[in-house]
Amino acid sequence: MNSDKARVGVDIGGTFTDVALEKDRVLYSTKVLTNYTSPESAIVEGIAIVLAQANIGFADLGSIIHGTTLATNALIERRGAQTAFITTKGFRDVIEMRTENRFELYDLDIVLPAALIERHDRYVVSERVGASGEVVLELDLAEVDRVILDIKEGGYESVAIGLMHSYLNPTHEIAIRERVKALAPELSVSISSEVSPQIREFQRFNTVCANAYVKPLMSSYLNRLVGRLKSEGALCPVFMIHSGGGIITVESAAEFPVRLLESGPAGGAIFAATIARQYGLDQVISYDMGGTTAKICLIDDQTPKTAKTFEVARTYRFKKGSGMPISIPVIEMVEIGAGGGSIASVDSMRQIRVGPHSAGSEPGPACYGRGGAKPTVSDADLILGRLDADNFAGGAMKLSTSSALGAIETEIGATLGINNEAAAFGICEVVDESMSNAARMHAVENGKELSEYTMIAFGGAAPLHASRLCEKLGIKNLIIPPGAGVGSAIGFLRAPIAFESVRSAYTRFDRFDAVKINAVVTELKDEATRFVLAADANAKISLELTAYVRYVGQGWEIPVAVPVKTYSAEDKSLLKDAFEQAYTNFFGRAIDGLDAEIISWSLRASSPVQDVTRSQWAETTQPVHASKFREAFDAQRGEFVTAVVVERSELTAGSRVSGPAIIAERETTTIVSSSYDAIMQNDGCILVQAKG
């Protein structure tokens, strides 16, 4: 990857496509409406805009790094490829039976999410691998051929293969894949032993089904994108950002598109972690709010929290367990359907609800004047004076106040018998409370106290709502970085080339098997480094190894950082001590007299993280004397107030703006409530700080 030439980061969101270009340490950025029919067209349009700003052409680009929600949206909206699932006889209904856990104990009418692959699209074959990896029943290849011919005649585009215990012994899955290639080479194929070689068949089967479901769509899109960019004159490589926060090649992304499900949010977490490193902050909460969703991530010790499983498409008030589990490495965060385009409505109890449905970019919020008739958060922000109808997106788009008023009055005000301003305040307060509740829940689950954290807010809508969120959470310091409106796209430019490989390999400490452990670690190291070197053959690779360990008899394991080395029998105590220390950090104390067991391993191979220049807090100078003012609603005071309006570009280091204030820029607007002041920093960040 050529780091001397200009680099572009592109994030496709549900409403906007964000583009950031960096050349000679100067950043250029823009936002364009996402094109659902042809997403690559919005990318080319956005890149052309930033290239013009930098006065260069497509041929001058050194690399393009891309993240997208297309795979996620395809799963949520169930518009992927027609997919068949081949599994072990007797386990056809695993993805429908789930784990039999109830995500809402007291709802007698609970409805489980529908399986991604319907029952008539699931096929079974006679075979069985045991829990130790031994072949119990040989694969019947004649039966396999009959199943493949049935699938071929069924008009399927893609095939997912998930067999019992294939994470220990993949020979049967590989054999079926080879038969598919021989008999039906036109079919796309995914096998669970490559997509997610982890224990727990429900999660593993779901993950390979999801990969197969979106694989034809993503392969087609990525091929079109690369072709379109080449036709525009871009000869540079195109990379993708994956859910774990690393860069991989387009070819790897096309083979394992399930790894892209959280690619956009991962870029945002990297962006926030970079700011945390600049200021030496060890307790940060990142808040990313775009047009469709809001994402919150805890960043401790300047590193985003990670996990090896997560859920998409939660169907029941965003409750854990109500979605589709995906077992891949991911930056852990909580995500709710609360963005600028989230639609507001009144429920059967006459309460205002916001989201999860979004107006997106087509037709968009009512105020966009593109045919949207439903009230959204952006419409409410406009009514409350937080947005400038004549200067939205730097004046590139004029907002319609009358359309926003009409939508809010029709759907909210008239229904509840309240005026438009009260309805708009209700919409914003509901969405802010939803986000603060999500943040509190995420913090409690991780044993954290948010009042001790600094918030870093980015995304087109986050700076509009961040100070209110800080008021609700008791957070005293908020940072709005430069380029906040396209934060995830900038995060792509800060991401290392990285890949995390995961394997389940069971080992009890009282039966410690160093040979088995070394074989697993070697396999993980070879796979992870292969993906990194495919993106950059000269990369200087660092390795991080994690063991997932639990006490015998427990139902879930915890991550334990362990050294990358050749293990011997004497290292049993080293691993046991590391586990007990990690367990004590999680739960307060270790448990005496219980043996422990390693369930899985993960190894992350990564190129070096970019160095950052440490920033110092700016000395405060005289307050800014503004000449522009606007009436804006202050939620803490519950009334409209006269807010100072300043352009971010006019602020210099040390400039202090006392709230209530509105700081405007092209890609977003920062609202400073009455209880906060804003101080411009030396590096262009805005520190929003509680008064007193």
# chains A, B, ... in the order shown; residues from 1 in each chain; ligands from 1
>>> residues_around(residues="Ile331 (chain A)", least_positions_apart="3", cutoff="7 Å", atoms="only C-alpha atoms", output="list in words")
Ser243, Gly244, Gly245, Ala266, Pro304, Lys305, Thr306 and Ala307 of chain A
>>> write_last_selection(atoms="all heavy atoms", output="mmCIF file, in the first residue's frame")
data_model
loop_
_atom_site.group_PDB
_atom_site.id
_atom_site.type_symbol
_atom_site.label_atom_id
_atom_site.label_comp_id
_atom_site.auth_asym_id
_atom_site.auth_seq_id
_atom_site.Cartn_x
_atom_site.Cartn_y
_atom_site.Cartn_z
ATOM 1 N N SER A 243 -15.080 -6.024 10.183
ATOM 2 C CA SER A 243 -15.746 -5.735 11.459
ATOM 3 C C SER A 243 -14.793 -5.672 12.642
ATOM 4 O O SER A 243 -15.096 -5.049 13.652
ATOM 5 C CB SER A 243 -16.817 -6.794 11.730
ATOM 6 O OG SER A 243 -17.763 -6.838 10.697
ATOM 7 N N GLY A 244 -13.637 -6.307 12.510
ATOM 8 C CA GLY A 244 -12.666 -6.275 13.590
ATOM 9 C C GLY A 244 -11.770 -5.056 13.571
ATOM 10 O O GLY A 244 -10.906 -4.899 14.435
ATOM 11 N N GLY A 245 -11.968 -4.159 12.574
ATOM 12 C CA GLY A 245 -11.217 -2.915 12.541
ATOM 13 C C GLY A 245 -9.917 -2.979 11.776
ATOM 14 O O GLY A 245 -9.037 -2.141 11.983
ATOM 15 N N ALA A 266 -16.929 -0.016 12.767
ATOM 16 C CA ALA A 266 -15.548 -0.302 13.177
ATOM 17 C C ALA A 266 -14.635 0.869 12.841
ATOM 18 O O ALA A 266 -13.750 1.237 13.621
ATOM 19 C CB ALA A 266 -15.053 -1.579 12.500
ATOM 20 N N PRO A 304 -10.348 -0.070 21.347
ATOM 21 C CA PRO A 304 -11.763 -0.458 21.367
ATOM 22 C C PRO A 304 -11.933 -1.889 21.876
ATOM 23 O O PRO A 304 -11.117 -2.766 21.604
ATOM 24 C CB PRO A 304 -12.184 -0.356 19.893
ATOM 25 C CG PRO A 304 -11.170 0.534 19.253
ATOM 26 C CD PRO A 304 -9.892 0.292 19.995
ATOM 27 N N LYS A 305 -13.008 -2.106 22.611
ATOM 28 C CA LYS A 305 -13.313 -3.439 23.126
ATOM 29 C C LYS A 305 -13.745 -4.342 21.972
ATOM 30 O O LYS A 305 -14.483 -3.920 21.092
ATOM 31 C CB LYS A 305 -14.417 -3.352 24.177
ATOM 32 C CG LYS A 305 -14.765 -4.669 24.849
ATOM 33 C CD LYS A 305 -15.777 -4.441 25.959
ATOM 34 C CE LYS A 305 -16.291 -5.761 26.526
ATOM 35 N NZ LYS A 305 -15.224 -6.614 27.039
ATOM 36 N N THR A 306 -13.261 -5.582 21.978
ATOM 37 C CA THR A 306 -13.583 -6.504 20.891
ATOM 38 C C THR A 306 -14.299 -7.744 21.429
ATOM 39 O O THR A 306 -14.286 -8.023 22.629
ATOM 40 C CB THR A 306 -12.314 -6.944 20.138
ATOM 41 O OG1 THR A 306 -11.416 -7.568 21.060
ATOM 42 C CG2 THR A 306 -11.632 -5.753 19.491
ATOM 43 N N ALA A 307 -14.935 -8.479 20.516
ATOM 44 C CA ALA A 307 -15.621 -9.726 20.857
ATOM 45 C C ALA A 307 -15.518 -10.656 19.657
ATOM 46 O O ALA A 307 -15.133 -10.241 18.561
ATOM 47 C CB ALA A 307 -17.075 -9.450 21.219
#
>>> residues_around(residues="Ser501 (chain A)", least_positions_apart="4", cutoff="7 Å", atoms="only C-alpha atoms", output="list in words")
Leu524, Glu527, Ala528, Ser602, Leu603 and Arg604 of chain A
>>> residues_around(residues="Gly460 (chain A)", least_positions_apart="2", cutoff="10 Å", atoms="only C-alpha atoms", output="NGL selection string")
:A and (16 or 18 or 31 or 288-291 or 339-340 or 393 or 457-458 or 462-464 or 483-487 or 666-670)
>>> closest_atom_pairs(of="region 221-278 of chain A", to="region 49-66 of chain A", cutoff="6 Å", atoms="only C-alpha atoms", output="CSV")
residue,atom,partner,partner_atom,distance
A:Gly233,CA,A:Ala59,CA,5.4
A:Ala234,CA,A:Phe58,CA,4.7
A:Cys236,CA,A:Ser63,CA,5.2
A:Pro237,CA,A:Ser63,CA,5.3
A:Val238,CA,A:Ile64,CA,4.8
A:Phe239,CA,A:Ile65,CA,4.7
A:Met240,CA,A:His66,CA,4.8
>>> write_last_selection(atoms="N, CA, C and O atoms", output="tab-separated table (two decimals), in the first residue's frame")
chain	number	residue	atom	x	y	z
A	233	GLY	N	-10.16	5.94	-14.09
A	233	GLY	CA	-8.72	6.22	-14.10
A	233	GLY	C	-7.99	5.87	-12.82
A	233	GLY	O	-6.80	6.14	-12.69
A	234	ALA	N	-8.70	5.27	-11.85
A	234	ALA	CA	-8.05	4.90	-10.59
A	234	ALA	C	-7.36	3.55	-10.77
A	234	ALA	O	-8.03	2.53	-10.96
A	236	CYS	N	-5.17	2.37	-8.46
A	236	CYS	CA	-4.70	1.96	-7.14
A	236	CYS	C	-5.50	0.76	-6.63
A	236	CYS	O	-6.60	0.48	-7.11
A	237	PRO	N	-4.96	0.04	-5.64
A	237	PRO	CA	-5.72	-1.07	-5.05
A	237	PRO	C	-6.89	-0.56	-4.22
A	237	PRO	O	-6.85	0.54	-3.67
A	238	VAL	N	-7.94	-1.38	-4.16
A	238	VAL	CA	-9.11	-1.08	-3.33
A	238	VAL	C	-9.12	-2.07	-2.17
A	238	VAL	O	-9.02	-3.28	-2.39
A	239	PHE	N	-9.21	-1.57	-0.96
A	239	PHE	CA	-9.24	-2.41	0.24
A	239	PHE	C	-10.58	-2.24	0.94
A	239	PHE	O	-11.30	-1.26	0.73
A	240	MET	N	-10.90	-3.21	1.79
A	240	MET	CA	-12.11	-3.14	2.60
A	240	MET	C	-11.74	-3.11	4.08
A	240	MET	O	-10.72	-3.67	4.48
>>> atom_distance(atom1="CA of Lys295 (chain A)", atom2="CA of Tyr583 (chain A)")
27.8 Å
>>> closest_residue(among="A:Glu449, A:Glu251, A:Glu665, A:Glu262", to="Val646 (chain A)", atoms="only C-alpha atoms")
A:Glu665
>>> closest_residue(among="A:Tyr287, A:Phe492, A:Tyr36, A:Phe85", to="Ile241 (chain A)", atoms="only C-alpha atoms")
A:Phe492
